[in-house]
file entry-v1.txt (compact mmCIF, C-alpha atoms)
# COMPACT_ATOMS: atom_id res chain seq x y z
CA MET A 1 -35.17 -52.89 42.59
CA ASP A 2 -31.62 -51.75 43.11
CA ASP A 3 -29.62 -49.04 41.34
CA GLU A 4 -25.97 -48.02 41.63
CA LEU A 5 -24.22 -44.72 42.29
CA ARG A 6 -20.73 -44.47 40.79
CA PRO A 7 -18.82 -41.53 42.28
CA GLY A 8 -15.24 -42.07 41.12
CA ALA A 9 -14.21 -45.67 41.67
CA ASP A 10 -16.88 -46.45 44.34
CA HIS A 11 -19.97 -48.52 43.56
CA VAL A 12 -22.83 -48.09 46.04
CA SER A 13 -26.09 -50.06 45.83
CA VAL A 14 -29.34 -48.21 46.61
CA GLY A 15 -32.80 -49.76 47.01
CA LEU A 16 -35.64 -48.26 44.90
CA ASP A 17 -39.37 -48.98 45.02
CA ALA A 18 -41.60 -49.67 41.98
CA GLN A 19 -42.01 -45.93 41.31
CA GLY A 20 -38.24 -45.35 41.25
CA ARG A 21 -38.12 -43.70 44.66
CA VAL A 22 -35.36 -44.40 47.18
CA ALA A 23 -36.54 -47.17 49.53
CA SER A 24 -33.27 -47.92 51.33
CA TRP A 25 -30.15 -45.83 51.95
CA SER A 26 -27.06 -47.41 53.45
CA ALA A 27 -24.35 -45.87 55.59
CA GLU A 28 -21.98 -46.36 52.61
CA ALA A 29 -24.33 -44.38 50.34
CA GLU A 30 -24.45 -41.61 52.95
CA ARG A 31 -20.66 -41.59 53.16
CA VAL A 32 -20.14 -41.43 49.38
CA THR A 33 -22.81 -38.81 48.59
CA GLY A 34 -22.68 -36.82 51.77
CA ARG A 35 -26.51 -36.92 51.95
CA PRO A 36 -28.23 -38.41 55.07
CA ALA A 37 -31.06 -40.92 54.64
CA ARG A 38 -33.74 -38.45 55.81
CA GLU A 39 -33.02 -36.20 52.79
CA VAL A 40 -33.36 -38.91 50.13
CA LEU A 41 -35.76 -41.64 51.35
CA GLY A 42 -38.98 -41.56 49.36
CA ARG A 43 -37.52 -39.22 46.72
CA ARG A 44 -36.28 -39.89 43.21
CA LEU A 45 -32.55 -40.21 42.52
CA SER A 46 -32.59 -36.88 40.66
CA VAL A 47 -32.46 -35.28 44.09
CA LEU A 48 -28.75 -36.12 44.01
CA ASP A 49 -28.09 -33.98 40.86
CA PRO A 50 -25.96 -30.89 41.63
CA VAL A 51 -27.95 -27.67 41.85
CA GLU A 52 -26.36 -24.37 40.97
CA GLU A 53 -26.71 -21.89 43.71
CA GLU A 54 -28.51 -18.68 42.88
CA PRO A 55 -26.27 -15.64 43.29
CA SER A 56 -26.99 -13.60 46.34
CA SER A 57 -28.66 -10.23 46.05
CA GLY A 58 -25.32 -8.59 46.85
CA GLU A 59 -23.54 -10.46 44.06
CA ARG A 60 -26.30 -9.49 41.60
CA ARG A 61 -25.96 -5.85 42.59
CA ASP A 62 -22.17 -5.97 42.11
CA ALA A 63 -22.54 -7.56 38.67
CA GLU A 64 -25.15 -5.04 37.58
CA GLU A 65 -23.03 -2.13 38.82
CA ALA A 66 -19.96 -3.45 36.97
CA LEU A 67 -22.04 -3.73 33.79
CA ARG A 68 -23.37 -0.17 34.19
CA GLU A 69 -19.84 1.17 34.72
CA SER A 70 -18.56 -0.68 31.64
CA GLU A 71 -21.40 0.68 29.49
CA GLN A 72 -20.80 4.19 30.84
CA ARG A 73 -17.08 4.03 30.01
CA PHE A 74 -17.91 2.86 26.50
CA ARG A 75 -20.41 5.70 26.00
CA LEU A 76 -17.84 8.22 27.22
CA LEU A 77 -15.27 6.79 24.79
CA VAL A 78 -17.64 7.03 21.82
CA GLN A 79 -18.85 10.50 22.78
CA SER A 80 -15.32 11.88 23.16
CA VAL A 81 -13.92 10.63 19.83
CA GLN A 82 -13.23 13.66 17.62
CA ASP A 83 -11.77 12.18 14.41
CA TYR A 84 -14.69 9.86 13.65
CA GLY A 85 -18.39 10.54 13.47
CA ILE A 86 -19.97 7.62 15.38
CA PHE A 87 -23.74 7.46 15.69
CA MET A 88 -26.65 5.03 15.68
CA LEU A 89 -29.59 4.66 13.32
CA ASP A 90 -32.87 2.92 14.01
CA ARG A 91 -34.21 0.31 11.59
CA SER A 92 -35.70 3.04 9.37
CA GLY A 93 -32.44 5.01 9.16
CA ASN A 94 -33.36 7.74 11.66
CA ILE A 95 -30.53 9.03 13.86
CA SER A 96 -30.80 7.87 17.47
CA SER A 97 -27.39 8.90 18.89
CA TRP A 98 -24.69 11.46 18.01
CA ASN A 99 -21.10 11.92 19.16
CA ALA A 100 -18.73 14.89 19.26
CA GLY A 101 -16.86 13.66 16.16
CA ALA A 102 -20.09 13.64 14.14
CA GLN A 103 -20.80 17.23 15.19
CA ARG A 104 -17.26 18.34 14.31
CA ILE A 105 -17.29 16.66 10.90
CA LYS A 106 -20.86 17.37 9.82
CA GLY A 107 -21.68 20.57 11.73
CA TRP A 108 -25.04 19.55 13.24
CA SER A 109 -25.47 19.37 17.00
CA ALA A 110 -27.01 16.32 18.65
CA GLN A 111 -30.29 18.23 19.17
CA GLU A 112 -30.42 19.07 15.46
CA ALA A 113 -29.48 15.61 14.19
CA ILE A 114 -31.22 13.09 16.46
CA GLY A 115 -34.57 12.00 15.07
CA ARG A 116 -33.79 13.00 11.48
CA HIS A 117 -33.15 10.59 8.62
CA PHE A 118 -29.49 10.04 7.79
CA SER A 119 -30.14 10.86 4.12
CA MET A 120 -29.75 14.51 5.20
CA PHE A 121 -25.97 14.00 4.77
CA TYR A 122 -26.17 12.90 1.12
CA PRO A 123 -26.07 15.12 -1.99
CA ALA A 124 -29.43 15.62 -3.68
CA GLU A 125 -28.43 13.47 -6.66
CA ASP A 126 -27.60 10.53 -4.36
CA VAL A 127 -30.89 10.90 -2.48
CA ALA A 128 -32.80 11.00 -5.78
CA ALA A 129 -30.98 7.84 -6.88
CA GLY A 130 -32.00 6.06 -3.65
CA LYS A 131 -28.43 5.60 -2.41
CA PRO A 132 -29.13 5.93 1.38
CA ALA A 133 -31.86 3.25 1.34
CA ARG A 134 -29.74 1.01 -0.87
CA GLU A 135 -26.83 1.24 1.55
CA LEU A 136 -29.03 0.09 4.44
CA GLU A 137 -30.32 -2.80 2.34
CA ILE A 138 -26.76 -3.91 1.58
CA ALA A 139 -25.77 -3.60 5.26
CA VAL A 140 -28.72 -5.83 6.21
CA ALA A 141 -27.90 -8.38 3.51
CA GLU A 142 -24.15 -8.51 4.05
CA GLY A 143 -23.78 -7.40 7.66
CA ARG A 144 -21.85 -4.23 6.82
CA LEU A 145 -21.20 -1.76 4.03
CA GLU A 146 -18.16 0.45 3.35
CA ASP A 147 -18.33 3.34 0.91
CA GLU A 148 -16.43 6.47 -0.08
CA GLY A 149 -18.16 9.44 -1.61
CA TRP A 150 -19.38 13.01 -1.21
CA ARG A 151 -21.38 14.00 1.86
CA ILE A 152 -22.95 17.31 2.90
CA ARG A 153 -22.16 19.45 5.95
CA LYS A 154 -24.67 21.67 7.72
CA ASP A 155 -23.32 24.74 5.90
CA GLY A 156 -23.93 23.05 2.53
CA THR A 157 -20.28 22.35 1.70
CA ARG A 158 -19.23 18.92 0.49
CA PHE A 159 -16.58 16.69 1.99
CA TRP A 160 -15.18 13.32 0.89
CA ALA A 161 -16.15 10.69 3.45
CA ASN A 162 -15.27 7.11 4.23
CA VAL A 163 -18.42 5.51 5.66
CA VAL A 164 -18.97 2.15 7.36
CA ILE A 165 -22.53 1.04 8.17
CA THR A 166 -22.94 -2.06 10.35
CA ALA A 167 -26.25 -3.87 10.92
CA LEU A 168 -26.87 -4.50 14.63
CA TYR A 169 -28.63 -7.73 15.65
CA ASP A 170 -29.56 -9.20 19.02
CA GLU A 171 -28.99 -12.82 20.10
CA ALA A 172 -32.20 -13.87 18.34
CA HIS A 173 -30.91 -12.23 15.14
CA ARG A 174 -33.52 -9.48 15.27
CA LEU A 175 -32.42 -6.24 13.60
CA HIS A 176 -32.24 -3.41 16.13
CA GLY A 177 -30.73 -0.73 13.90
CA PHE A 178 -27.37 0.32 12.47
CA GLY A 179 -24.05 1.67 13.66
CA LYS A 180 -22.51 4.28 11.37
CA VAL A 181 -18.90 5.50 11.41
CA THR A 182 -17.87 8.43 9.19
CA ARG A 183 -14.39 9.81 8.59
CA ASP A 184 -13.56 13.02 6.72
CA MET A 185 -11.08 11.98 3.99
CA THR A 186 -11.06 15.27 2.07
CA GLU A 187 -7.46 16.19 2.90
CA ARG A 188 -6.17 12.73 2.05
CA ARG A 189 -8.12 12.70 -1.22
CA ASN A 190 -6.78 16.12 -2.17
CA ALA A 191 -3.23 15.00 -1.36
CA GLU A 192 -3.65 11.84 -3.45
CA GLN A 193 -5.03 13.86 -6.36
CA ALA A 194 -2.14 16.32 -6.10
CA LEU A 195 0.33 13.42 -6.08
CA ARG A 196 -1.33 11.83 -9.12
CA GLU A 197 -1.26 15.15 -10.95
CA ARG A 198 2.40 15.65 -10.09
CA ARG A 199 3.27 12.18 -11.34
CA ARG A 200 1.29 12.84 -14.50
CA LEU A 201 3.23 16.05 -15.13
CA VAL A 202 6.55 14.35 -14.40
CA GLY A 203 5.56 11.59 -16.79
CA HIS A 204 4.84 14.13 -19.54
CA LEU A 205 8.16 15.87 -18.83
CA VAL A 206 10.07 12.58 -19.01
CA GLU A 207 8.28 11.72 -22.25
CA ALA A 208 9.14 15.12 -23.73
CA GLN A 209 12.78 14.72 -22.66
CA GLU A 210 13.09 11.30 -24.27
CA VAL A 211 11.41 12.40 -27.48
CA GLU A 212 13.77 15.38 -27.71
CA ARG A 213 16.82 13.26 -26.89
CA ARG A 214 15.87 10.77 -29.57
CA ARG A 215 15.34 13.56 -32.13
CA ILE A 216 18.74 15.10 -31.35
CA ALA A 217 20.42 11.68 -31.47
CA TRP A 218 18.94 10.98 -34.88
CA ASP A 219 19.91 14.44 -36.17
CA VAL A 220 23.47 14.07 -34.92
CA HIS A 221 23.75 10.55 -36.33
CA ASP A 222 22.12 11.21 -39.69
CA GLU A 223 23.59 14.66 -40.35
CA SER A 224 26.60 15.63 -38.24
CA ILE A 225 28.28 12.24 -38.04
CA GLN A 226 27.64 11.41 -41.68
CA SER A 227 29.04 14.78 -42.74
CA MET A 228 32.14 14.27 -40.60
CA VAL A 229 32.59 10.77 -42.01
CA ALA A 230 32.48 12.27 -45.53
CA VAL A 231 35.08 14.88 -44.53
CA GLY A 232 37.33 12.15 -43.14
CA MET A 233 37.07 10.14 -46.35
CA ARG A 234 38.02 13.18 -48.45
CA LEU A 235 40.96 13.98 -46.20
CA GLN A 236 42.20 10.42 -46.58
CA LEU A 237 41.84 10.67 -50.36
CA LEU A 238 43.63 14.00 -50.37
CA ALA A 239 46.45 12.64 -48.23
CA SER A 240 46.99 9.78 -50.68
CA ARG A 241 47.59 12.29 -53.52
CA LEU A 242 49.82 14.77 -51.71
CA PRO A 243 53.60 14.61 -51.48
CA GLU A 244 55.08 13.36 -48.20
CA PRO A 245 55.76 16.74 -46.51
CA HIS A 246 52.04 17.69 -46.78
CA LYS A 247 50.63 14.20 -46.18
CA SER A 248 51.41 14.23 -42.45
CA ALA A 249 49.57 17.54 -41.97
CA VAL A 250 46.44 16.20 -43.68
CA ALA A 251 46.71 12.98 -41.68
CA GLY A 252 46.66 15.08 -38.50
CA LEU A 253 43.46 16.73 -39.65
CA ASP A 254 41.94 13.34 -40.35
CA ASP A 255 42.84 12.18 -36.83
CA ALA A 256 41.05 15.21 -35.40
CA VAL A 257 37.99 14.46 -37.52
CA GLN A 258 37.96 10.82 -36.41
CA ALA A 259 38.20 11.89 -32.75
CA ALA A 260 35.27 14.27 -33.27
CA ILE A 261 33.26 11.46 -34.85
CA GLY A 262 34.01 9.26 -31.82
CA ARG A 263 32.82 11.98 -29.43
CA LEU A 264 29.64 12.49 -31.47
CA ARG A 265 28.91 8.78 -31.42
CA GLY A 266 29.39 8.79 -27.65
CA LEU A 267 26.92 11.67 -27.44
CA VAL A 268 24.41 9.76 -29.56
CA SER A 269 24.83 6.70 -27.35
CA ARG A 270 24.16 8.74 -24.21
CA LEU A 271 21.16 10.43 -25.78
CA ARG A 272 19.63 7.20 -27.10
CA PRO A 273 21.77 4.07 -26.69
CA PRO A 274 21.43 1.94 -29.81
CA GLU A 275 21.92 -1.24 -27.74
CA LEU A 276 18.66 -0.49 -25.94
CA ASP A 277 16.64 -0.69 -29.14
CA GLN A 278 18.68 -3.45 -30.73
CA HIS A 279 19.57 -5.82 -27.87
CA GLY A 280 17.60 -4.80 -24.76
CA LEU A 281 18.19 -3.33 -21.32
CA VAL A 282 20.98 -5.59 -20.03
CA GLU A 283 23.12 -5.09 -23.15
CA ALA A 284 22.66 -1.30 -23.01
CA VAL A 285 23.42 -1.05 -19.28
CA SER A 286 26.42 -3.37 -19.58
CA ALA A 287 27.86 -1.33 -22.44
CA TYR A 288 27.41 1.90 -20.50
CA VAL A 289 28.94 0.47 -17.31
CA GLU A 290 31.87 -0.91 -19.29
CA GLU A 291 32.46 2.51 -20.86
CA VAL A 292 32.19 4.80 -17.83
CA ALA A 293 33.50 2.47 -15.12
CA GLY A 294 36.54 1.71 -17.22
CA ARG A 295 37.13 5.42 -17.80
CA TRP A 296 36.73 6.18 -14.07
CA GLY A 297 38.92 3.28 -12.92
CA LEU A 298 36.11 1.39 -11.16
CA ALA A 299 36.02 -2.37 -10.86
CA HIS A 300 32.55 -3.43 -12.00
CA ALA A 301 30.17 -6.31 -12.63
CA VAL A 302 26.68 -6.62 -14.11
CA ARG A 303 24.60 -9.64 -13.05
CA ASP A 304 21.66 -10.49 -15.32
CA GLU A 305 18.74 -12.46 -13.84
CA LEU A 306 16.00 -11.03 -16.05
CA THR A 307 13.49 -13.60 -17.22
CA ALA A 308 11.43 -11.07 -19.20
CA GLU A 309 12.45 -7.99 -21.13
CA PRO A 310 10.80 -4.81 -19.80
CA SER A 311 8.72 -2.62 -22.09
CA ALA A 312 10.45 0.16 -24.02
CA THR A 313 9.14 2.72 -21.52
CA ALA A 314 10.37 0.77 -18.49
CA ALA A 315 13.69 -0.01 -20.20
CA ILE A 316 14.55 3.62 -20.97
CA THR A 317 13.48 4.65 -17.45
CA ALA A 318 15.71 1.97 -15.90
CA TYR A 319 18.59 2.99 -18.15
CA ARG A 320 18.29 6.67 -17.17
CA ILE A 321 18.18 5.85 -13.46
CA CYS A 322 21.29 3.68 -13.86
CA GLN A 323 23.03 6.55 -15.68
CA GLU A 324 22.24 8.99 -12.87
CA ALA A 325 23.20 6.51 -10.14
CA LEU A 326 26.58 5.82 -11.75
CA SER A 327 27.17 9.56 -12.20
CA ASN A 328 26.47 10.10 -8.48
CA ILE A 329 28.90 7.31 -7.57
CA HIS A 330 31.60 8.94 -9.69
CA LYS A 331 30.99 12.41 -8.22
CA HIS A 332 30.40 11.65 -4.55
CA ALA A 333 31.08 8.07 -3.46
CA ARG A 334 34.89 7.79 -3.68
CA ALA A 335 34.27 4.14 -4.52
CA THR A 336 36.59 1.53 -6.05
CA ARG A 337 33.90 -0.90 -7.18
CA VAL A 338 30.31 -0.87 -8.43
CA ASP A 339 27.94 -3.83 -8.93
CA LEU A 340 24.63 -3.94 -10.81
CA HIS A 341 22.05 -6.67 -10.42
CA LEU A 342 18.98 -6.87 -12.67
CA SER A 343 16.17 -9.35 -12.00
CA THR A 344 12.52 -9.99 -12.79
CA THR A 345 10.57 -9.65 -9.52
CA ASP A 346 6.83 -9.30 -8.75
CA ASN A 347 5.92 -8.92 -12.43
CA GLY A 348 8.39 -6.08 -12.84
CA THR A 349 12.06 -5.21 -13.21
CA LEU A 350 14.15 -4.87 -10.03
CA VAL A 351 17.57 -3.20 -10.28
CA ARG A 352 20.13 -2.84 -7.48
CA ILE A 353 23.24 -0.65 -7.86
CA SER A 354 25.79 -0.98 -5.04
CA ASP A 355 29.17 0.62 -4.42
CA ASP A 356 31.88 0.31 -1.75
CA GLY A 357 32.31 4.04 -1.29
CA ALA A 358 32.24 6.41 1.67
CA GLY A 359 28.50 6.25 2.20
CA THR A 360 26.48 8.61 4.42
CA ALA A 361 24.29 8.25 7.49
CA GLY A 362 20.60 7.42 7.38
CA GLU A 363 18.20 5.92 4.89
CA ASP A 364 17.52 7.67 1.59
CA ALA A 365 20.76 9.53 2.17
CA GLY A 366 21.18 12.55 -0.03
CA SER A 367 17.55 12.44 -1.17
CA GLY A 368 17.61 16.23 -1.42
CA HIS A 369 20.23 16.16 -4.20
CA PHE A 370 18.76 17.01 -7.57
CA GLY A 371 20.04 13.80 -9.16
CA LEU A 372 18.37 11.59 -6.55
CA VAL A 373 15.18 13.63 -6.72
CA GLU A 374 15.08 13.03 -10.47
CA MET A 375 15.67 9.31 -9.94
CA HIS A 376 12.77 9.13 -7.48
CA GLU A 377 10.50 11.05 -9.83
CA ARG A 378 11.35 8.87 -12.81
CA ALA A 379 10.60 5.68 -10.87
CA GLU A 380 7.32 7.03 -9.45
CA ALA A 381 6.21 8.42 -12.81
CA ALA A 382 6.58 4.87 -14.16
CA ASN A 383 4.36 3.57 -11.26
CA GLY A 384 7.39 2.10 -9.51
CA TRP A 385 9.51 2.94 -6.47
CA LEU A 386 13.11 3.74 -5.59
CA SER A 387 15.03 3.62 -2.30
CA VAL A 388 18.56 4.61 -1.33
CA ARG A 389 20.34 3.07 1.65
CA SER A 390 23.76 4.21 2.74
CA VAL A 391 26.10 3.29 5.62
CA PRO A 392 29.15 5.42 6.47
CA GLY A 393 32.28 3.64 5.32
CA ARG A 394 30.34 0.74 3.82
CA GLY A 395 28.92 2.21 0.64
CA THR A 396 25.54 2.99 -0.84
CA SER A 397 22.86 0.87 -2.48
CA VAL A 398 20.27 2.24 -4.89
CA GLU A 399 17.36 -0.12 -5.51
CA PHE A 400 14.37 0.49 -7.75
CA TRP A 401 11.48 -1.49 -9.20
CA LEU A 402 9.42 -0.77 -12.32
CA PRO A 403 6.26 -2.66 -13.28
CA MET A 404 5.92 -4.37 -16.62
CA LEU A 405 3.26 -2.03 -17.96
CA PRO A 406 2.33 -1.53 -21.61
CA ASP A 407 4.01 1.39 -23.36
CA VAL A 408 1.92 4.48 -22.74
CA MET A 409 4.46 7.24 -23.37
CA GLY A 410 5.05 6.79 -27.08
CA LEU A 411 8.66 5.70 -26.59
CA GLU A 412 8.57 2.52 -28.62
CA PRO A 413 11.62 2.12 -30.84

call {"tool": "encode", "arguments": {"input": "entry-v1.txt", "output": "structure tokens"}}
result
Amino acid sequence: MDDELRPGADHVSVGLDAQGRVASWSAEAERVTGRPAREVLGRRLSVLDPVEEEPSSGERRDAEEALRESEQRFRLLVQSVQDYGIFMLDRSGNISSWNAGAQRIKGWSAQEAIGRHFSMFYPAEDVAAGKPARELEIAVAEGRLEDEGWRIRKDGTRFWANVVITALYDEAHRLHGFGKVTRDMTERRNAEQALRERRRLVGHLVEAQEVERRRIAWDVHDESIQSMVAVGMRLQLLASRLPEPHKSAVAGLDDAVQAAIGRLRGLVSRLRPPELDQHGLVEAVSAYVEEVAGRWGLAHAVRDELTAEPSATAAITAYRICQEALSNIHKHARATRVDLHLSTTDNGTLVRISDDGAGTAGEDAGSGHFGLVEMHERAEAANGWLSVRSVPGRGTSVEFWLPMLPDVMGLEP
């Protein structure tokens, strides 16, 4: 019985006996395989299969030493971390390792913590509710768990912690325990709460301002303007009955009354623009830009790409920010042109106000000015954002975005 070896493009015939052992081995077979006849005669062809050489004892020692050094470096890294508490739990939740960060955050030393159950860090109400055991169950089921909540220090004080628990498995998927990483988030939580409270107070202040502005606007419109209109009508009637020498004097009084009425109507428009309630944000902003830009000698344009009208709250906030931005341009920019662009973006209203004025260096230029501070606060109180970018000699751009939220400030028309 013959068989063939096929190394590359060579075909070498080999004689085999009835049991599949090599019975004949030619010089060609020796040349191709590099194996002399004495090594293969009487043996099965599997003798030709490549055999991986076992590493030498020196190589094994080098590999083991490299592994020990790597593990030691990793342990030193974990032990030296100060901002995170990193420690291990066994399968029952007992602490089996403890790093410097855990001691700094929680107050217990390694000698005090190792061997105790990790529920020692949880408030009594959480322990009674079974929260520690439930967290381990979730980590086993899902591989990891992340949670934020109150934890207890050694001195009994509470801190707000971000906790990640990871189930640790070997190659056979046997649970060996858990890795736990804890970070003290108390300062961040306090800062976030302070920011939310500040925004809430600013929101109440803005609401109070708008309510008062609307009340004054109505009072001026319904009382002062109507009274002045009545005076003007009586002066006109009186002028029609007087002889010519006295008619011109009364007509002068009527002109003064009409000018006062015009100023009062301008005041009402600034306090609560009627276009905002009657025709929407773009109409109100366009009317205001037309009025003030024309008076200040500024070339201007308003581009409308709104696909949805903002809520009354968002609309009045956007209008007030535009008012303040245009006032700043008039006072500080030395500009010759201003452009406004309104669009619906990311389920909200995006407004960009650009001028060609002097500009200043840096982003959020002039953010310390009271007007810009108020603009920032108005946008943030409405759960939006505002940014100011300015380049010397190339003008300033104010951009803000307000979400389309339901009216929550009682400012509906």

call {"tool": "residues_around", "arguments": {"input": "entry-v1.txt", "residues": "region 379-385 of chain A", "least_positions_apart": "6", "cutoff": "12 Å", "atoms": "all atoms listed in the file", "output": "PyMOL selection string"}}
result
chain A and resi 195-207+310-322+346-351+372-373+398-409

call {"tool": "residues_around", "arguments": {"input": "entry-v1.txt", "residues": "region 172-179 of chain A", "least_positions_apart": "3", "cutoff": "9 Å", "atoms": "only C-alpha atoms", "output": "list in words"}}
result
Ile86, Phe87, Met88, Leu89, Asp90, Arg91, Ser92, Gly93, Leu136, Ala139, Val140, Val164, Ile165, Thr166, Ala167, Leu168 and Tyr169 of chain A

call {"tool": "write_last_selection", "arguments": {"input": "entry-v1.txt", "atoms": "C-alpha atoms", "output": "PDB file, in the frame of the given file"}}
result
ATOM      1  CA  ILE A  86     -19.970   7.620  15.380  1.00  0.00           C
ATOM      2  CA  PHE A  87     -23.740   7.460  15.690  1.00  0.00           C
ATOM      3  CA  MET A  88     -26.650   5.030  15.680  1.00  0.00           C
ATOM      4  CA  LEU A  89     -29.590   4.660  13.320  1.00  0.00           C
ATOM      5  CA  ASP A  90     -32.870   2.920  14.010  1.00  0.00           C
ATOM      6  CA  ARG A  91     -34.210   0.310  11.590  1.00  0.00           C
ATOM      7  CA  SER A  92     -35.700   3.040   9.370  1.00  0.00           C
ATOM      8  CA  GLY A  93     -32.440   5.010   9.160  1.00  0.00           C
ATOM      9  CA  LEU A 136     -29.030   0.090   4.440  1.00  0.00           C
ATOM     10  CA  ALA A 139     -25.770  -3.600   5.260  1.00  0.00           C
ATOM     11  CA  VAL A 140     -28.720  -5.830   6.210  1.00  0.00           C
ATOM     12  CA  VAL A 164     -18.970   2.150   7.360  1.00  0.00           C
ATOM     13  CA  ILE A 165     -22.530   1.040   8.170  1.00  0.00           C
ATOM     14  CA  THR A 166     -22.940  -2.060  10.350  1.00  0.00           C
ATOM     15  CA  ALA A 167     -26.250  -3.870  10.920  1.00  0.00           C
ATOM     16  CA  LEU A 168     -26.870  -4.500  14.630  1.00  0.00           C
ATOM     17  CA  TYR A 169     -28.630  -7.730  15.650  1.00  0.00           C
TER      18      TYR A 169
END

call {"tool": "closest_residue", "arguments": {"input": "entry-v1.txt", "among": "A:Asp219, A:Glu146, A:Asp255, A:Glu187", "to": "Gln236 (chain A)", "atoms": "all atoms listed in the file"}}
result
A:Asp255

call {"tool": "closest_atom_pairs", "arguments": {"input": "entry-v1.txt", "of": "region 130-216 of chain A", "to": "region 263-275 of chain A", "cutoff": "9 Å", "atoms": "all atoms listed in the file", "output": "JSON lines"}}
result
{"residue": "A:Glu210", "atom": "CA", "partner": "A:Arg272", "partner_atom": "CA", "distance": 8.2}
{"residue": "A:Arg213", "atom": "CA", "partner": "A:Leu271", "partner_atom": "CA", "distance": 5.3}
{"residue": "A:Arg214", "atom": "CA", "partner": "A:Arg272", "partner_atom": "CA", "distance": 5.7}
{"residue": "A:Ile216", "atom": "CA", "partner": "A:Leu271", "partner_atom": "CA", "distance": 7.7}

call {"tool": "residues_around", "arguments": {"input": "entry-v1.txt", "residues": "region 334-341 of chain A", "least_positions_apart": "5", "cutoff": "10 Å", "atoms": "only C-alpha atoms", "output": "ChimeraX atom specification"}}
result
/A:282,285-286,289,293,296-306,322,326,328-329,350-359,394-399

call {"tool": "write_last_selection", "arguments": {"input": "entry-v1.txt", "atoms": "C-alpha atoms", "output": "CSV table (one decimal), in the coordinates of the input"}}
result
chain,number,residue,atom,x,y,z
A,282,VAL,CA,21.0,-5.6,-20.0
A,285,VAL,CA,23.4,-1.0,-19.3
A,286,SER,CA,26.4,-3.4,-19.6
A,289,VAL,CA,28.9,0.5,-17.3
A,293,ALA,CA,33.5,2.5,-15.1
A,296,TRP,CA,36.7,6.2,-14.1
A,297,GLY,CA,38.9,3.3,-12.9
A,298,LEU,CA,36.1,1.4,-11.2
A,299,ALA,CA,36.0,-2.4,-10.9
A,300,HIS,CA,32.6,-3.4,-12.0
A,301,ALA,CA,30.2,-6.3,-12.6
A,302,VAL,CA,26.7,-6.6,-14.1
A,303,ARG,CA,24.6,-9.6,-13.0
A,304,ASP,CA,21.7,-10.5,-15.3
A,305,GLU,CA,18.7,-12.5,-13.8
A,306,LEU,CA,16.0,-11.0,-16.0
A,322,CYS,CA,21.3,3.7,-13.9
A,326,LEU,CA,26.6,5.8,-11.8
A,328,ASN,CA,26.5,10.1,-8.5
A,329,ILE,CA,28.9,7.3,-7.6
A,350,LEU,CA,14.2,-4.9,-10.0
A,351,VAL,CA,17.6,-3.2,-10.3
A,352,ARG,CA,20.1,-2.8,-7.5
A,353,ILE,CA,23.2,-0.6,-7.9
A,354,SER,CA,25.8,-1.0,-5.0
A,355,ASP,CA,29.2,0.6,-4.4
A,356,ASP,CA,31.9,0.3,-1.8
A,357,GLY,CA,32.3,4.0,-1.3
A,358,ALA,CA,32.2,6.4,1.7
A,359,GLY,CA,28.5,6.2,2.2
A,394,ARG,CA,30.3,0.7,3.8
A,395,GLY,CA,28.9,2.2,0.6
A,396,THR,CA,25.5,3.0,-0.8
A,397,SER,CA,22.9,0.9,-2.5
A,398,VAL,CA,20.3,2.2,-4.9
A,399,GLU,CA,17.4,-0.1,-5.5

call {"tool": "atom_distance", "arguments": {"input": "entry-v1.txt", "atom1": "CA of Gly393 (chain A)", "atom2": "CA of Glu377 (chain A)"}}
result
27.5 Å

call {"tool": "residues_near_point", "arguments": {"input": "entry-v1.txt", "point": "(45.5, 16.8, -49.5)", "cutoff": "10 Å", "atoms": "all atoms listed in the file", "output": "list in words"}}
result
Arg234, Leu235, Gln236, Leu237, Leu238, Ala239, Ser240, Arg241, Leu242, Pro243, His246, Lys247, Ser248, Ala249, Val250 and Ala251 of chain A

call {"tool": "axis_aligned_box", "arguments": {"input": "entry-v1.txt", "around": "region 30-42 of chain A", "padding_each_side": "4 Å", "output": "AutoDock Vina command-line options"}}
result
--center_x -29.6 --center_y -38.9 --center_z 52.2 --size_x 26.8 --size_y 13.4 --size_z 15.2

call {"tool": "closest_residue", "arguments": {"input": "entry-v1.txt", "among": "A:Val163, A:Ala133, A:Ala287, A:Ile114", "to": "Leu145 (chain A)", "atoms": "all atoms listed in the file"}}
result
A:Val163

call {"tool": "closest_residue", "arguments": {"input": "entry-v1.txt", "among": "A:Val181, A:Ala102, A:Met120, A:Ala230", "to": "Arg144 (chain A)", "atoms": "only C-alpha atoms"}}
result
A:Val181

call {"tool": "closest_residue", "arguments": {"input": "entry-v1.txt", "among": "A:Lys180, A:His221, A:Gln323, A:Arg35", "to": "Glu291 (chain A)", "atoms": "all atoms listed in the file"}}
result
A:Gln323
